[in-house]
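Below is the file work_30.txt, which contains compact mmCIF, C-alpha atoms.
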```
# COMPACT_ATOMS: atom_id res chain seq x y z
CA MET A 1 0.00 0.00 0.00
CA LYS A 2 1.31 3.42 -0.89
CA ALA A 3 0.63 6.59 1.02
CA ARG A 4 1.51 10.24 0.68
CA ILE A 5 1.90 12.50 3.69
CA ILE A 6 1.91 16.25 3.18
CA VAL A 7 3.24 18.46 5.96
CA THR A 8 2.56 22.18 5.80
CA LEU A 9 3.24 25.11 8.10
CA LYS A 10 0.25 26.25 10.12
CA SER A 11 -1.20 29.57 9.09
CA GLY A 12 0.29 32.37 11.14
CA VAL A 13 3.69 30.68 11.33
CA LEU A 14 6.27 32.80 9.55
CA ASP A 15 7.87 31.00 6.56
CA PRO A 16 11.06 32.85 5.60
CA GLN A 17 11.93 30.19 2.99
CA GLY A 18 8.54 30.58 1.31
CA LYS A 19 9.07 34.34 1.28
CA ALA A 20 12.50 33.95 -0.32
CA ILE A 21 11.02 31.66 -2.98
CA GLN A 22 8.26 34.17 -3.64
CA GLY A 23 10.89 36.85 -4.12
CA ALA A 24 12.85 34.63 -6.53
CA LEU A 25 9.71 33.92 -8.56
CA GLY A 26 9.15 37.66 -8.83
CA ALA A 27 12.75 38.11 -9.98
CA LEU A 28 12.10 35.52 -12.72
CA GLY A 29 9.29 37.68 -14.01
CA PHE A 30 6.32 35.80 -12.57
CA SER A 31 4.15 38.68 -11.52
CA GLY A 32 1.17 38.35 -9.26
CA VAL A 33 2.50 35.60 -6.96
CA GLY A 34 0.62 36.58 -3.82
CA GLY A 35 2.38 34.13 -1.50
CA VAL A 36 4.40 30.90 -1.30
CA ARG A 37 4.42 28.47 1.61
CA GLN A 38 7.00 25.70 1.63
CA GLY A 39 6.09 22.23 2.90
CA LYS A 40 7.25 18.61 2.80
CA VAL A 41 6.00 15.47 1.06
CA PHE A 42 6.68 11.92 2.30
CA ASP A 43 5.85 8.94 0.07
CA VAL A 44 5.58 5.88 2.29
CA ASP A 45 5.32 2.20 1.27
CA LEU A 46 3.50 0.03 3.79
CA ASP A 47 3.40 -3.77 3.95
CA THR A 48 -0.28 -4.01 4.72
CA GLU A 49 -3.63 -4.10 2.96
CA ASP A 50 -5.53 -2.94 6.04
CA ARG A 51 -6.45 0.64 5.20
CA ALA A 52 -7.75 1.64 8.60
CA ALA A 53 -4.69 0.27 10.40
CA ALA A 54 -2.43 1.93 7.84
CA GLU A 55 -4.08 5.29 8.32
CA ALA A 56 -3.82 5.01 12.10
CA ASP A 57 -0.12 4.12 11.76
CA LEU A 58 0.58 6.97 9.35
CA ARG A 59 -1.08 9.48 11.66
CA ALA A 60 0.96 8.19 14.58
CA MET A 61 4.12 8.55 12.44
CA CYS A 62 3.19 12.18 11.80
CA ASP A 63 2.48 12.91 15.46
CA LYS A 64 5.65 11.20 16.67
CA LEU A 65 8.17 12.26 14.04
CA LEU A 66 7.21 13.50 10.60
CA ALA A 67 5.46 16.69 11.72
CA ASN A 68 6.10 19.05 14.61
CA THR A 69 2.52 19.87 15.51
CA VAL A 70 3.59 23.05 17.30
CA ILE A 71 4.09 24.62 13.87
CA GLU A 72 2.91 22.10 11.27
CA ASN A 73 -0.27 20.45 10.00
CA TYR A 74 -0.35 17.21 8.05
CA THR A 75 -2.64 15.32 5.71
CA VAL A 76 -2.51 11.59 4.98
CA GLU A 77 -3.57 10.17 1.64
CA ILE A 78 -3.65 6.40 0.94
CA PHE A 79 -3.63 5.06 -2.63
CA MET B 1 30.26 17.69 40.60
CA ASN B 2 29.85 14.87 38.07
CA THR B 3 28.61 15.72 34.62
CA ALA B 4 27.69 13.85 31.44
CA VAL B 5 27.72 14.99 27.83
CA VAL B 6 25.38 13.36 25.32
CA ILE B 7 27.12 12.54 22.03
CA LEU B 8 25.16 12.22 18.80
CA PRO B 9 26.46 11.88 15.25
CA GLY B 10 26.86 15.30 13.68
CA LEU B 11 27.45 17.29 16.85
CA ASN B 12 30.53 19.50 16.56
CA ARG B 13 30.61 21.48 19.81
CA ASP B 14 31.00 18.46 22.05
CA ARG B 15 34.75 18.96 22.54
CA ASP B 16 34.28 22.61 23.48
CA MET B 17 31.64 21.58 26.00
CA ILE B 18 33.77 18.77 27.45
CA ALA B 19 36.68 21.22 27.83
CA ALA B 20 34.46 23.79 29.55
CA LEU B 21 32.94 21.26 31.95
CA THR B 22 36.35 19.79 32.76
CA LYS B 23 37.82 23.22 33.40
CA ILE B 24 34.98 24.48 35.57
CA SER B 25 34.08 21.34 37.53
CA GLY B 26 37.63 20.00 37.78
CA ARG B 27 36.55 16.61 36.40
CA ALA B 28 36.11 15.31 32.88
CA PRO B 29 32.45 14.61 32.06
CA ALA B 30 31.21 11.14 31.21
CA THR B 31 30.37 10.89 27.52
CA VAL B 32 27.19 9.02 26.62
CA TRP B 33 26.73 7.77 23.07
CA GLN B 34 23.33 8.06 21.42
CA THR B 35 22.55 4.34 21.56
CA GLU B 36 22.95 4.14 25.33
CA THR B 37 19.72 3.51 27.23
CA SER B 38 20.95 4.79 30.56
CA ILE B 39 23.05 7.67 31.85
CA PRO B 40 25.42 7.27 34.81
CA PRO B 41 24.33 9.07 37.97
CA VAL B 42 25.47 12.67 37.49
CA ASP B 43 24.60 16.15 38.75
CA LEU B 44 24.29 17.69 35.29
CA ILE B 45 23.56 16.38 31.79
CA VAL B 46 24.58 18.53 28.82
CA ILE B 47 23.52 18.23 25.19
CA PRO B 48 26.01 20.24 23.13
CA GLY B 49 25.67 22.02 19.81
CA GLY B 50 26.20 20.94 16.24
CA PHE B 51 24.13 19.42 13.50
CA SER B 52 22.97 16.04 14.75
CA TYR B 53 21.86 13.83 11.86
CA GLY B 54 22.65 16.68 9.49
CA ASP B 55 19.52 18.53 10.65
CA TYR B 56 17.53 16.09 8.47
CA LEU B 57 13.75 16.40 8.66
CA ARG B 58 13.91 19.26 11.20
CA CYS B 59 16.83 20.35 13.36
CA GLY B 60 17.00 18.03 16.37
CA ALA B 61 14.09 15.86 15.19
CA ILE B 62 15.95 12.61 14.59
CA ALA B 63 18.24 13.06 17.59
CA ALA B 64 15.21 13.58 19.82
CA ARG B 65 14.13 10.00 19.02
CA ALA B 66 17.54 8.44 19.76
CA PRO B 67 17.53 5.91 22.64
CA VAL B 68 19.72 8.12 24.84
CA MET B 69 17.08 10.84 24.81
CA ARG B 70 14.63 8.56 26.61
CA ALA B 71 17.24 8.25 29.34
CA VAL B 72 17.69 12.04 29.38
CA ALA B 73 13.93 12.53 29.70
CA GLU B 74 13.78 9.99 32.51
CA ALA B 75 16.62 11.73 34.38
CA ALA B 76 15.00 15.13 33.80
CA GLY B 77 11.80 13.70 35.27
CA ARG B 78 13.76 12.80 38.41
CA GLY B 79 14.95 16.40 38.66
CA VAL B 80 18.49 16.02 37.28
CA PRO B 81 19.57 19.36 35.73
CA VAL B 82 19.78 19.22 31.93
CA LEU B 83 21.40 21.91 29.77
CA GLY B 84 20.94 22.02 25.99
CA VAL B 85 23.02 24.45 23.94
CA CYS B 86 22.21 25.34 20.33
CA ASN B 87 21.45 21.97 18.69
CA GLY B 88 20.94 20.70 22.25
CA PHE B 89 18.20 23.31 22.72
CA GLN B 90 16.59 22.26 19.44
CA ILE B 91 16.71 18.61 20.54
CA LEU B 92 15.13 19.41 23.93
CA CYS B 93 12.28 21.20 22.14
CA GLU B 94 11.80 18.27 19.76
CA THR B 95 11.63 15.80 22.66
CA GLY B 96 8.96 17.96 24.30
CA LEU B 97 11.11 18.59 27.38
CA LEU B 98 10.92 22.30 26.51
CA PRO B 99 7.97 24.08 24.90
CA GLY B 100 8.10 25.63 21.43
CA VAL B 101 10.36 25.06 18.45
CA LEU B 102 13.44 26.57 16.76
CA MET B 103 12.81 27.57 13.16
CA ARG B 104 15.01 28.85 10.32
CA ASN B 105 16.49 32.31 11.00
CA THR B 106 14.30 34.96 9.39
CA SER B 107 17.36 36.26 7.50
CA LEU B 108 17.81 32.71 6.07
CA ARG B 109 21.48 33.23 6.88
CA PHE B 110 23.71 31.28 9.22
CA VAL B 111 24.71 33.73 11.93
CA CYS B 112 28.06 33.41 13.67
CA ARG B 113 28.85 36.36 15.89
CA GLU B 114 28.64 37.75 19.37
CA VAL B 115 25.32 38.94 20.74
CA LYS B 116 24.29 40.57 23.97
CA LEU B 117 21.95 38.65 26.23
CA LYS B 118 19.72 40.03 28.93
CA VAL B 119 19.26 37.75 31.92
CA ALA B 120 15.47 37.67 32.14
CA ASN B 121 15.29 35.38 35.15
CA ALA B 122 18.23 35.20 37.57
CA GLU B 123 16.30 33.04 40.03
CA THR B 124 16.81 29.75 38.19
CA ARG B 125 19.41 27.22 39.25
CA PHE B 126 21.34 28.04 36.07
CA THR B 127 21.46 31.81 36.56
CA THR B 128 22.06 32.62 40.23
CA ALA B 129 25.55 33.90 39.35
CA TYR B 130 23.92 36.70 37.36
CA GLY B 131 21.62 39.54 38.30
CA ASN B 132 18.13 40.12 36.91
CA GLY B 133 18.40 42.33 33.85
CA GLN B 134 22.17 41.91 33.63
CA ILE B 135 23.53 42.14 30.10
CA ILE B 136 26.12 39.52 29.20
CA ARG B 137 28.07 38.82 26.02
CA CYS B 138 27.77 35.45 24.33
CA PRO B 139 28.62 34.05 20.88
CA VAL B 140 25.95 32.48 18.65
CA ALA B 141 26.45 30.20 15.65
CA HIS B 142 23.29 28.80 14.11
CA HIS B 143 20.97 28.64 11.12
CA ASP B 144 17.84 27.64 13.03
CA GLY B 145 17.59 29.75 16.16
CA ASN B 146 14.30 31.46 15.53
CA TYR B 147 12.31 30.49 18.61
CA PHE B 148 8.60 30.17 17.99
CA ALA B 149 5.61 29.08 20.05
CA ASP B 150 1.92 29.81 19.67
CA GLU B 151 0.27 32.50 21.75
CA ASP B 152 -1.04 30.12 24.41
CA ILE B 153 2.37 28.56 24.99
CA LEU B 154 4.05 31.99 24.94
CA ALA B 155 1.62 33.37 27.50
CA ARG B 156 2.28 30.40 29.77
CA VAL B 157 6.08 30.55 29.35
CA GLU B 158 6.17 34.30 29.96
CA GLY B 159 3.74 34.10 32.87
CA ASN B 160 5.82 31.42 34.60
CA GLY B 161 9.09 33.29 34.21
CA GLN B 162 10.41 30.49 31.98
CA VAL B 163 12.15 32.91 29.64
CA VAL B 164 15.67 32.94 31.09
CA PHE B 165 17.64 34.80 28.41
CA ARG B 166 16.57 37.34 25.80
CA TYR B 167 18.62 38.91 23.05
CA ALA B 168 19.28 42.45 24.25
CA GLU B 169 17.45 45.13 22.33
CA GLY B 170 18.66 45.39 18.77
CA THR B 171 20.77 42.22 18.81
CA ASN B 172 18.15 39.53 17.99
CA PRO B 173 20.07 37.56 15.34
CA ASN B 174 17.33 35.22 14.16
CA GLY B 175 13.84 36.69 14.54
CA ALA B 176 12.99 34.76 17.71
CA VAL B 177 9.61 35.72 19.11
CA HIS B 178 9.84 38.00 22.19
CA ASP B 179 13.65 38.00 21.60
CA ILE B 180 13.79 34.63 23.37
CA ALA B 181 17.30 33.16 23.49
CA GLY B 182 16.81 30.60 26.25
CA ILE B 183 13.97 29.00 28.19
CA ILE B 184 13.61 26.68 31.13
CA ASN B 185 10.98 24.02 31.82
CA GLU B 186 8.27 24.53 34.40
CA ALA B 187 10.06 22.36 36.96
CA GLY B 188 13.15 24.55 36.60
CA ASN B 189 15.72 21.84 35.86
CA VAL B 190 15.89 21.79 32.03
CA LEU B 191 17.42 24.83 30.31
CA GLY B 192 17.88 25.31 26.58
CA LEU B 193 19.59 28.26 24.92
CA MET B 194 20.88 29.05 21.43
CA PRO B 195 24.06 30.99 22.41
CA HIS B 196 27.25 29.16 23.39
CA PRO B 197 28.27 29.99 26.97
CA GLU B 198 30.94 27.26 26.81
CA ASN B 199 32.88 29.46 24.39
CA LEU B 200 33.24 32.36 26.80
CA ILE B 201 34.62 30.92 30.02
CA GLU B 202 38.28 32.00 30.07
CA PRO B 203 40.02 35.34 29.62
CA GLU B 204 41.73 33.78 26.58
CA HIS B 205 38.27 33.50 24.99
CA GLY B 206 37.96 37.26 25.28
CA GLY B 207 35.69 37.09 28.29
CA THR B 208 34.16 34.90 30.96
CA ASP B 209 30.50 35.91 30.72
CA GLY B 210 29.39 32.35 29.93
CA ARG B 211 30.88 30.88 33.09
CA GLY B 212 27.99 31.96 35.26
CA ILE B 213 25.63 29.35 33.84
CA PHE B 214 27.98 26.52 34.74
CA GLU B 215 28.96 28.02 38.07
CA SER B 216 25.33 28.55 39.02
CA VAL B 217 24.24 24.99 38.30
CA MET B 218 27.37 23.49 39.81
CA GLY B 219 27.14 25.52 42.99
CA GLY B 220 30.08 27.25 44.65
CA SER B 221 31.42 24.29 46.62
CA ALA B 222 31.80 21.99 43.60
CA LEU B 223 33.89 24.50 41.72
CA LYS B 224 37.53 24.25 40.99
CA ALA B 225 39.30 27.54 41.48
CA ALA B 226 39.33 29.47 38.24
```

Here is a file; write its structure as C-alpha cells.
Amino acid sequence: MKARIIVTLKSGVLDPQGKAIQGALGALGFSGVGGVRQGKVFDVDLDTEDRAAAEADLRAMCDKLLANTVIENYTVEIF
Amino acid sequence: MNTAVVILPGLNRDRDMIAALTKISGRAPATVWQTETSIPPVDLIVIPGGFSYGDYLRCGAIAARAPVMRAVAEAAGRGVPVLGVCNGFQILCETGLLPGVLMRNTSLRFVCREVKLKVANAETRFTTAYGNGQIIRCPVAHHDGNYFADEDILARVEGNGQVVFRYAEGTNPNGAVHDIAGIINEAGNVLGLMPHPENLIEPEHGGTDGRGIFESVMGGSALKAA
C-alpha cells in the first residue's frame, strides 16, 4: 500500500523560505505571486492491505516524528 | 560535581563543551553515546551544539528520538539538571522537554557572531551567578535559532518566568519571538539556549561571561578555582 503525507506550516507561522522563494519567482518575471508556503511530502510504502490500520499508523508517524505539531499540519492520503 | 555529555552523530561542539565542563568542575564529564539507554548518575547532563543527523527532517528531530534521549527525559523527570546548547536546545524542544520550536532564521542566513543577552530570570538554578536584567556577552552560531511558540504557549512561558535569556534590544540575530534566546521548563531543571556559553569561560576567549551558567548549576562548593 502506498501513502503520501503532506506536511505544511500552520497559518500564522512565519515562513522565511517561502518568502525567499516568492521573491525569486518575482525576480524571474512571474508577476502576481501573492504568496508561497513551503512544505514537505513523504511517500511511504507500507506492507499491509488494512487501510484503517495503515491510516492510524501513518497518523501516529506524523504525530511522533514527521510533523512538529507546534508549527505544522499534516494530511494523509492512501492510494 | 559529576557531569555527562550526550554525544550524537553530527554534533561538533561536544569537545568545546567537554573542555568547559572539565575546566569548571575539575573533572572530565562522562560521555554518553546516542545508543545508550541509561546515563550514569550525574549532577548535570549537557547536550552540546552541532548538526545532529545533518539537521535532516527538522533540526533536532531525529536526535530527539535516539535511545539516549529517553534516558535524558527519565533523568530530567527525576529532577536532574539538563542543559541544551544550540542543537541541544533544538533537541530538547523536539523531545517535548521544553515548549516551542526553533525555526530557520528569518534572514535565512547562518549567523556566527557575538550577541548581547539580557538575563530575564536570575532566580533559576542556572542563573544565580547573574543579576536580573544583567547584560552579558555570548557568541551564537546557528541557522535555526528562531524560537517560535503559539500565543497560548508563549503566554504560559512568559507568565511562569520560563524565559531565562533574551537577546538584548537590537541584537536579535534570528527573529525569535519575544527575543527569546533561552527558556527553562516549568520544573526549573531543564534549560535550553541558542548561544554558546561554553565558548566564553576563560580570559583567553575574550571574556568569561558564559561561566555563570555553569557556576550557578554546579554551585560554589563543587567549583575548581578558576

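With distances taken over all atoms listed in the file, A:Val13 is the one residue among A:Ala3, A:Met61, A:Val13, A:Ala24 lying closest to chain B.
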
### Test item: residues at most 6 Å from range 197-200 of chain B, all atoms listed in the file, excluding those fewer than 6 positions along its chain, as a ChimeraX atom specification
/B:17,20,207-210

### Message
Just the number, please: distance in Å from CA of Ala63 in chain B to CA of Pro9 in chain B, one decimal.
### Response
8.6 Å

### Message
So that I can check the surroundings of His196 in chain B, please list as JSON, numbers by chain every protein, DNA and RNA residue that reaches within 10 Å of it, counting only C-alpha atoms and ignoring chain neighbours fewer than 5 positions away.
### Response
{"B": [13, 16, 17, 48, 49, 84, 85, 86, 114, 138, 139, 140, 141, 210]}

Sort by chain and increasing residue number a table of all residues of chain B within 7 Å of chain A, each with its closest pair of atoms and their distance in Å to one decimal, counting all atoms listed in the file, and write it as JSON lines.
```
{"residue": "B:Gly100", "atom": "CA", "partner": "A:Val70", "partner_atom": "CA", "distance": 6.6}
{"residue": "B:Thr106", "atom": "CA", "partner": "A:Pro16", "partner_atom": "CA", "distance": 5.4}
{"residue": "B:Leu108", "atom": "CA", "partner": "A:Pro16", "partner_atom": "CA", "distance": 6.8}
{"residue": "B:Ala149", "atom": "CA", "partner": "A:Val70", "partner_atom": "CA", "distance": 6.9}
```

#### Entry: Counting all atoms listed in the file, the residue of B:Met69, B:Val80, B:Val164, B:Leu98 that sits nearest Glu123 in chain B
B:Val164

### Task
Using all atoms listed in the file, collect all residues at a distance of at most 9 Å from (18.6, 38.8, 22.2) as written in the file, then present them as a PyMOL selection string.
chain B and resi 115-118+165-174+176+178-181

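Our summary of the geometry notes that CA of Ile135 in chain B is positioned 29.2 Å from CA of Val6 in chain B.
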
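Residues lying at most 6 Å from (4.5, 22.6, 10.0) in file coordinates, with all atoms listed in the file considered, are Val7, Thr8, Leu9, Lys10, Ile71, Glu72 and Asn73 of chain A.
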
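If you look at CA of Asp45 in chain A and CA of Ala64 in chain B, they are 23.9 Å away from each other.
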
Report as JSON the centre and the edge lengths, in Å to one decimal, of the axis-aligned box holding every listed atom of range 89-108 of chain B, padded by 8 Å on each side.
```
{"center_x": 13.1, "center_y": 26.0, "center_z": 16.7, "size_x": 26.2, "size_y": 36.5, "size_z": 37.3}
```

### Query
Can you tell me, as a PyMOL selection string, what residues are no more than 12 Å from Gly77 in chain B when counting only C-alpha atoms, ignoring any on the same chain fewer than 6 positions away?
chain B and resi 70-71+97+185-190

### Message
Neighbouring residues of Gly161 in chain B were defined as those with any atom within 9 Å, considering all atoms listed in the file; residues of the same chain fewer than 5 positions away were excluded. Please report them as a PyMOL selection string.
### Response
chain B and resi 120-121+156+183-184+186

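Counting only C-alpha atoms and comparing A:Leu25, A:Val76, A:Ile6, A:Ala52, the residue that lies closest to Gly39 in chain A is A:Ile6.
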
### Task
Might you pull out every residue within 12 Å of Thr128 in chain B, with all atoms listed in the file counted and same-chain residues fewer than 2 positions away left off, and present them as number ranges by chain?
B: 119-126, 130-132, 134, 164, 211-220

Since the input lacks some atoms of range 129-140 of chain B, please model all heavy atoms and print them as an mmCIF file, in the frame of the given file.
```cif
data_model
loop_
_atom_site.group_PDB
_atom_site.id
_atom_site.type_symbol
_atom_site.label_atom_id
_atom_site.label_comp_id
_atom_site.auth_asym_id
_atom_site.auth_seq_id
_atom_site.Cartn_x
_atom_site.Cartn_y
_atom_site.Cartn_z
ATOM 1 N N ALA B 129 24.301 33.126 39.383
ATOM 2 C CA ALA B 129 25.550 33.900 39.350
ATOM 3 C C ALA B 129 25.352 35.258 38.681
ATOM 4 O O ALA B 129 26.241 36.103 38.716
ATOM 5 C CB ALA B 129 26.649 33.126 38.633
ATOM 6 N N TYR B 130 24.196 35.434 38.051
ATOM 7 C CA TYR B 130 23.920 36.700 37.360
ATOM 8 C C TYR B 130 22.875 37.494 38.150
ATOM 9 O O TYR B 130 22.261 36.994 39.086
ATOM 10 C CB TYR B 130 23.367 36.427 35.951
ATOM 11 C CG TYR B 130 24.267 35.618 35.057
ATOM 12 C CD1 TYR B 130 23.881 34.348 34.629
ATOM 13 C CD2 TYR B 130 25.491 36.114 34.625
ATOM 14 C CE1 TYR B 130 24.693 33.595 33.788
ATOM 15 C CE2 TYR B 130 26.310 35.368 33.787
ATOM 16 C CZ TYR B 130 25.906 34.109 33.366
ATOM 17 O OH TYR B 130 26.710 33.371 32.547
ATOM 18 N N GLY B 131 22.668 38.728 37.719
ATOM 19 C CA GLY B 131 21.620 39.540 38.300
ATOM 20 C C GLY B 131 20.478 39.692 37.306
ATOM 21 O O GLY B 131 20.701 39.613 36.090
ATOM 22 N N ASN B 132 19.262 39.892 37.809
ATOM 23 C CA ASN B 132 18.130 40.120 36.910
ATOM 24 C C ASN B 132 18.382 41.347 36.052
ATOM 25 O O ASN B 132 18.755 42.401 36.568
ATOM 26 C CB ASN B 132 16.833 40.319 37.707
ATOM 27 C CG ASN B 132 16.090 39.005 37.897
ATOM 28 O OD1 ASN B 132 16.059 38.154 36.996
ATOM 29 N ND2 ASN B 132 15.503 38.843 39.068
ATOM 30 N N GLY B 133 18.204 41.203 34.745
ATOM 31 C CA GLY B 133 18.400 42.330 33.850
ATOM 32 C C GLY B 133 19.841 42.560 33.434
ATOM 33 O O GLY B 133 20.119 43.416 32.595
ATOM 34 N N GLN B 134 20.752 41.770 33.996
ATOM 35 C CA GLN B 134 22.170 41.910 33.630
ATOM 36 C C GLN B 134 22.365 41.609 32.146
ATOM 37 O O GLN B 134 21.728 40.718 31.599
ATOM 38 C CB GLN B 134 23.013 40.939 34.481
ATOM 39 C CG GLN B 134 24.511 41.111 34.275
ATOM 40 C CD GLN B 134 25.313 40.138 35.155
ATOM 41 O OE1 GLN B 134 24.798 39.589 36.136
ATOM 42 N NE2 GLN B 134 26.574 39.942 34.795
ATOM 43 N N ILE B 135 23.216 42.378 31.509
ATOM 44 C CA ILE B 135 23.530 42.140 30.100
ATOM 45 C C ILE B 135 24.865 41.391 30.032
ATOM 46 O O ILE B 135 25.856 41.848 30.610
ATOM 47 C CB ILE B 135 23.657 43.467 29.314
ATOM 48 C CG1 ILE B 135 22.392 44.319 29.473
ATOM 49 C CG2 ILE B 135 23.985 43.199 27.847
ATOM 50 C CD1 ILE B 135 21.205 43.870 28.676
ATOM 51 N N ILE B 136 24.869 40.255 29.366
ATOM 52 C CA ILE B 136 26.120 39.520 29.200
ATOM 53 C C ILE B 136 26.404 39.327 27.707
ATOM 54 O O ILE B 136 25.499 39.381 26.879
ATOM 55 C CB ILE B 136 26.099 38.138 29.908
ATOM 56 C CG1 ILE B 136 24.999 37.226 29.329
ATOM 57 C CG2 ILE B 136 25.939 38.301 31.401
ATOM 58 C CD1 ILE B 136 25.094 35.786 29.816
ATOM 59 N N ARG B 137 27.679 39.102 27.398
ATOM 60 C CA ARG B 137 28.070 38.820 26.020
ATOM 61 C C ARG B 137 28.058 37.316 25.812
ATOM 62 O O ARG B 137 28.334 36.557 26.735
ATOM 63 C CB ARG B 137 29.487 39.340 25.761
ATOM 64 C CG ARG B 137 29.648 40.839 25.925
ATOM 65 C CD ARG B 137 31.130 41.185 26.116
ATOM 66 N NE ARG B 137 31.942 40.525 25.097
ATOM 67 C CZ ARG B 137 33.189 40.094 25.298
ATOM 68 N NH1 ARG B 137 33.769 40.242 26.469
ATOM 69 N NH2 ARG B 137 33.850 39.498 24.334
ATOM 70 N N CYS B 138 27.730 36.880 24.617
ATOM 71 C CA CYS B 138 27.770 35.450 24.330
ATOM 72 C C CYS B 138 27.802 35.243 22.806
ATOM 73 O O CYS B 138 27.082 35.923 22.081
ATOM 74 C CB CYS B 138 26.548 34.755 24.922
ATOM 75 S SG CYS B 138 26.849 33.052 25.380
ATOM 76 N N PRO B 139 28.620 34.300 22.322
ATOM 77 C CA PRO B 139 28.620 34.050 20.880
ATOM 78 C C PRO B 139 27.433 33.174 20.460
ATOM 79 O O PRO B 139 26.967 32.334 21.237
ATOM 80 C CB PRO B 139 29.938 33.301 20.650
ATOM 81 C CG PRO B 139 30.352 32.757 21.966
ATOM 82 C CD PRO B 139 29.643 33.526 23.034
ATOM 83 N N VAL B 140 26.957 33.379 19.249
ATOM 84 C CA VAL B 140 25.950 32.480 18.650
ATOM 85 C C VAL B 140 26.525 31.960 17.334
ATOM 86 O O VAL B 140 27.363 32.605 16.706
ATOM 87 C CB VAL B 140 24.598 33.181 18.374
ATOM 88 C CG1 VAL B 140 23.923 33.619 19.646
ATOM 89 C CG2 VAL B 140 24.756 34.340 17.403
#
```
